[in-house]
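For reference, the structure discussed in these notes is given below.
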Amino acid sequence: MREAGVQINPGAAEFPHRQIAAQVKAQIRRGDWGPGERLPSIPAIAEMFGVAKQTVQRAVDQLRVEGILITKPGSGTYVRGTRRRLNRLSRGRYGGFRGYHTDLAARYRQQLVSVGRSPAPPEVADAFGVPDGTELLCRRHMVRTEDSPVEVGASWFLPTDTAGTSLERAEAFGRPLYQEAEEATGRRYVTAADTITARQPSREEAEALQIRPDTPVLHLLHVAYDPHRKPIEVSQATWPGPVTTLTEEYKIPAPAETPDPDPGLVLG
């Protein structure tokens, strides 16, 4: 560890491990360590700061949860590479106009994991207006880079809409899922709503995304409606929060323009 500026203020209100974490972040930001570079060992860092090894371990754990560091068993602790930038909200999903679709960036690969009926989780059941645990058609997927998973998700449909259609087949389609669903169900997607939350992952999510159980995730609930405001599809997507950045560009109306009836992402 670079020794310049390495110090702990025992009289500060901030805990020592947070002071260490803040200094390490500052050093990474100014380029003292680049992506993929290994940090000194825990004992070495503890000696530099004059603190116990447990204090340094807490600082490393904090930075790992924040997505700044990554620990490789038997090798050491490294600065993580750049954040994964995804645009997976409804506007990016459907493109600029009907029939148009922008594929995921070339470095991402989507894999269909399973297709079949499953009990609807509460948020999906609420969106469809059915009791918890109702059997719905579920198409599960995973998105990966060359070296790691970056998204787990599922698309849910009412069996009354999908019985005997291509949506029940365990195969990927050569076009966006919503276009396949429109043809299969005879219902047109007109509006969509996204709700994003941050939470701790389930055990299954942590295992699938290859993250620690205490690493927060971003979770998207996407509901697509027909012209009568009836849900056609309810989909879920979960990403490792510390290494995922969601972006969306949109126009801000001029003073003389009519306000956009779709305000986009609303924080409440």
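Each chain of the structure tokens is named A, B, ... in the order shown, its residues numbered from 1; ligands are numbered from 1 in display order.
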### Message
Show me, as a ChimeraX atom specification, the residues that have an atom within 9 Å of Thr185 of chain A when counting only C-alpha atoms, minus same-chain residues fewer than 6 positions from it.
### Response
/A:161-162,165,232
Neighbour list for segment 167-179 of chain A as a tab-separated table (two decimals) with N, CA and C atoms, in the first residue's frame, cut-off 8 Å, only C-alpha atoms, skip fewer than 5 positions in-chain:
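Contents of selection-v2.tsv, as written:
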chain	number	residue	atom	x	y	z
A	99	GLY	N	-40.98	-2.76	-33.80
A	99	GLY	CA	-40.21	-3.58	-34.72
A	99	GLY	C	-38.72	-3.36	-34.61
A	101	HIS	N	-35.26	-3.16	-32.33
A	101	HIS	CA	-34.73	-3.68	-31.09
A	101	HIS	C	-33.22	-3.60	-31.11
A	112	LEU	N	-31.28	-18.89	-22.10
A	112	LEU	CA	-32.54	-19.38	-21.56
A	112	LEU	C	-32.25	-20.52	-20.61
A	114	SER	N	-34.76	-22.05	-18.23
A	114	SER	CA	-35.85	-23.01	-18.09
A	114	SER	C	-37.16	-22.38	-18.54
A	115	VAL	N	-38.12	-23.23	-18.91
A	115	VAL	CA	-39.47	-22.79	-19.29
A	115	VAL	C	-40.46	-23.79	-18.68
A	116	GLY	N	-41.45	-23.28	-17.97
A	116	GLY	CA	-42.44	-24.16	-17.36
A	116	GLY	C	-43.31	-23.41	-16.37
A	137	LEU	N	-46.93	-19.41	-16.23
A	137	LEU	CA	-45.83	-19.80	-17.11
A	137	LEU	C	-44.64	-18.89	-16.82
A	162	THR	N	-51.08	-18.38	-22.86
A	162	THR	CA	-49.95	-19.04	-23.51
A	162	THR	C	-50.17	-20.51	-23.86
A	184	ALA	N	-48.10	-14.57	-30.14
A	184	ALA	CA	-48.64	-15.78	-29.52
A	184	ALA	C	-49.95	-15.51	-28.78
A	189	TYR	N	-48.54	-4.96	-26.65
A	189	TYR	CA	-47.91	-4.19	-25.58
A	189	TYR	C	-48.09	-2.70	-25.89
### Query
Just asking: which residues within segment 37-238 of chain A are helix (DSSP H, G or I) according to DSSP, as a count of residues only?
56
### Query
Which value, in Å to one decimal, gives the distance between atom CA of Gly76 of chain A and atom CA of Pro213 of chain A?
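Calculated distance between atom CA of Gly76 of chain A and atom CA of Pro213 of chain A is 19.7 Å.
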### Task
Quick one: everything within 10 Å of Thr215 of chain A, counting only C-alpha atoms, minus sequence neighbours fewer than 4 positions away in the same chain. Send it as a list in words.
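So the residues in contact are Asp61, Gln62, Arg64, Val65, Glu66, Gly67, Arg199, Gln200, Pro201, Ala206, Ile211, Pro240, Gly241 and Pro242 of chain A.
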Export of the given selection (N, CA and C atoms) as a compact mmCIF listing (two decimals), in the first residue's frame:
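selection02.txt was written with the following content:
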# COMPACT_ATOMS: atom_id res chain seq x y z
N ASP A 61 -13.87 -5.88 3.60
CA ASP A 61 -15.22 -6.41 3.41
C ASP A 61 -16.17 -5.32 2.92
N GLN A 62 -16.06 -4.12 3.51
CA GLN A 62 -16.92 -3.01 3.09
C GLN A 62 -16.68 -2.66 1.63
N ARG A 64 -15.47 -4.55 -0.66
CA ARG A 64 -15.88 -5.66 -1.51
C ARG A 64 -17.39 -5.61 -1.74
N VAL A 65 -18.16 -5.33 -0.69
CA VAL A 65 -19.60 -5.21 -0.84
C VAL A 65 -19.96 -4.03 -1.75
N GLU A 66 -19.16 -2.96 -1.67
CA GLU A 66 -19.41 -1.79 -2.51
C GLU A 66 -18.98 -2.03 -3.96
N GLY A 67 -18.34 -3.14 -4.22
CA GLY A 67 -17.94 -3.46 -5.59
C GLY A 67 -16.62 -2.87 -6.03
N ARG A 199 -31.87 -4.47 -2.42
CA ARG A 199 -32.10 -5.40 -1.31
C ARG A 199 -30.96 -6.40 -1.24
N GLN A 200 -31.01 -7.27 -0.24
CA GLN A 200 -30.07 -8.36 -0.14
C GLN A 200 -30.54 -9.50 -1.05
N PRO A 201 -29.63 -10.26 -1.63
CA PRO A 201 -30.04 -11.34 -2.53
C PRO A 201 -30.55 -12.56 -1.77
N ALA A 206 -27.64 -15.21 -4.98
CA ALA A 206 -26.22 -15.06 -4.66
C ALA A 206 -25.39 -16.15 -5.33
N ILE A 211 -21.91 -14.05 -6.05
CA ILE A 211 -21.60 -12.95 -5.15
C ILE A 211 -21.76 -13.41 -3.71
N PRO A 240 -26.05 -7.66 -9.64
CA PRO A 240 -25.18 -7.31 -8.50
C PRO A 240 -25.10 -5.79 -8.40
N GLY A 241 -25.66 -5.23 -7.35
CA GLY A 241 -25.78 -3.77 -7.24
C GLY A 241 -24.49 -2.99 -7.33
N PRO A 242 -23.42 -3.38 -6.59
CA PRO A 242 -22.22 -2.56 -6.57
C PRO A 242 -21.51 -2.46 -7.92
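The shortest atom-to-atom distance to Ala120 of chain A, with only C-alpha atoms taken into account, belongs to A:Val234 out of A:Ala26, A:Val234, A:Ala163, A:Val217.
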### Message
Excluding segment 154-159 of chain A and its own-chain neighbours fewer than 5 positions away, which residues fall within 7 Å of it when counting only C-alpha atoms? Please give them as a list in words.
### Response
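The filter keeps Leu136, Leu137, Cys138, Arg139, Arg140, His141, Ile232, Glu233, Val234, Ser235, Gln236 and Ala237 of chain A.
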### Task
Could you give me, as number ranges by chain, each residue of segment 23-178 of chain A that DSSP assigns to strand (DSSP E or B) when run on this structure's backbone?
A: 38, 69-72, 76-79, 84-86, 109-119, 135-144, 149-157
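From atom CA of Gln27 of chain A back to atom CA of Phe49 of chain A, the distance works out to 14.3 Å.
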#### Entry: Residues near Leu69 of chain A, cut-off 6 Å, only C-alpha atoms, skip fewer than 5 positions along chain, as JSON, numbers by chain
{"A": [63, 64, 78, 79, 80]}
### Task
Take atom CA of Ala21 of chain A and atom CA of Ser41 of chain A and report the distance between them in Å, one decimal.
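Between these atoms lies a distance of 14.7 Å.
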#### Entry: Top pick for closest residue to Gln210 of chain A, considering A:Val152, A:Ala254, A:Ile42, A:Ala52 and counting only C-alpha atoms
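Comparing A:Val152, A:Ala254, A:Ile42, A:Ala52 against Gln210 of chain A, the winner is A:Val152.
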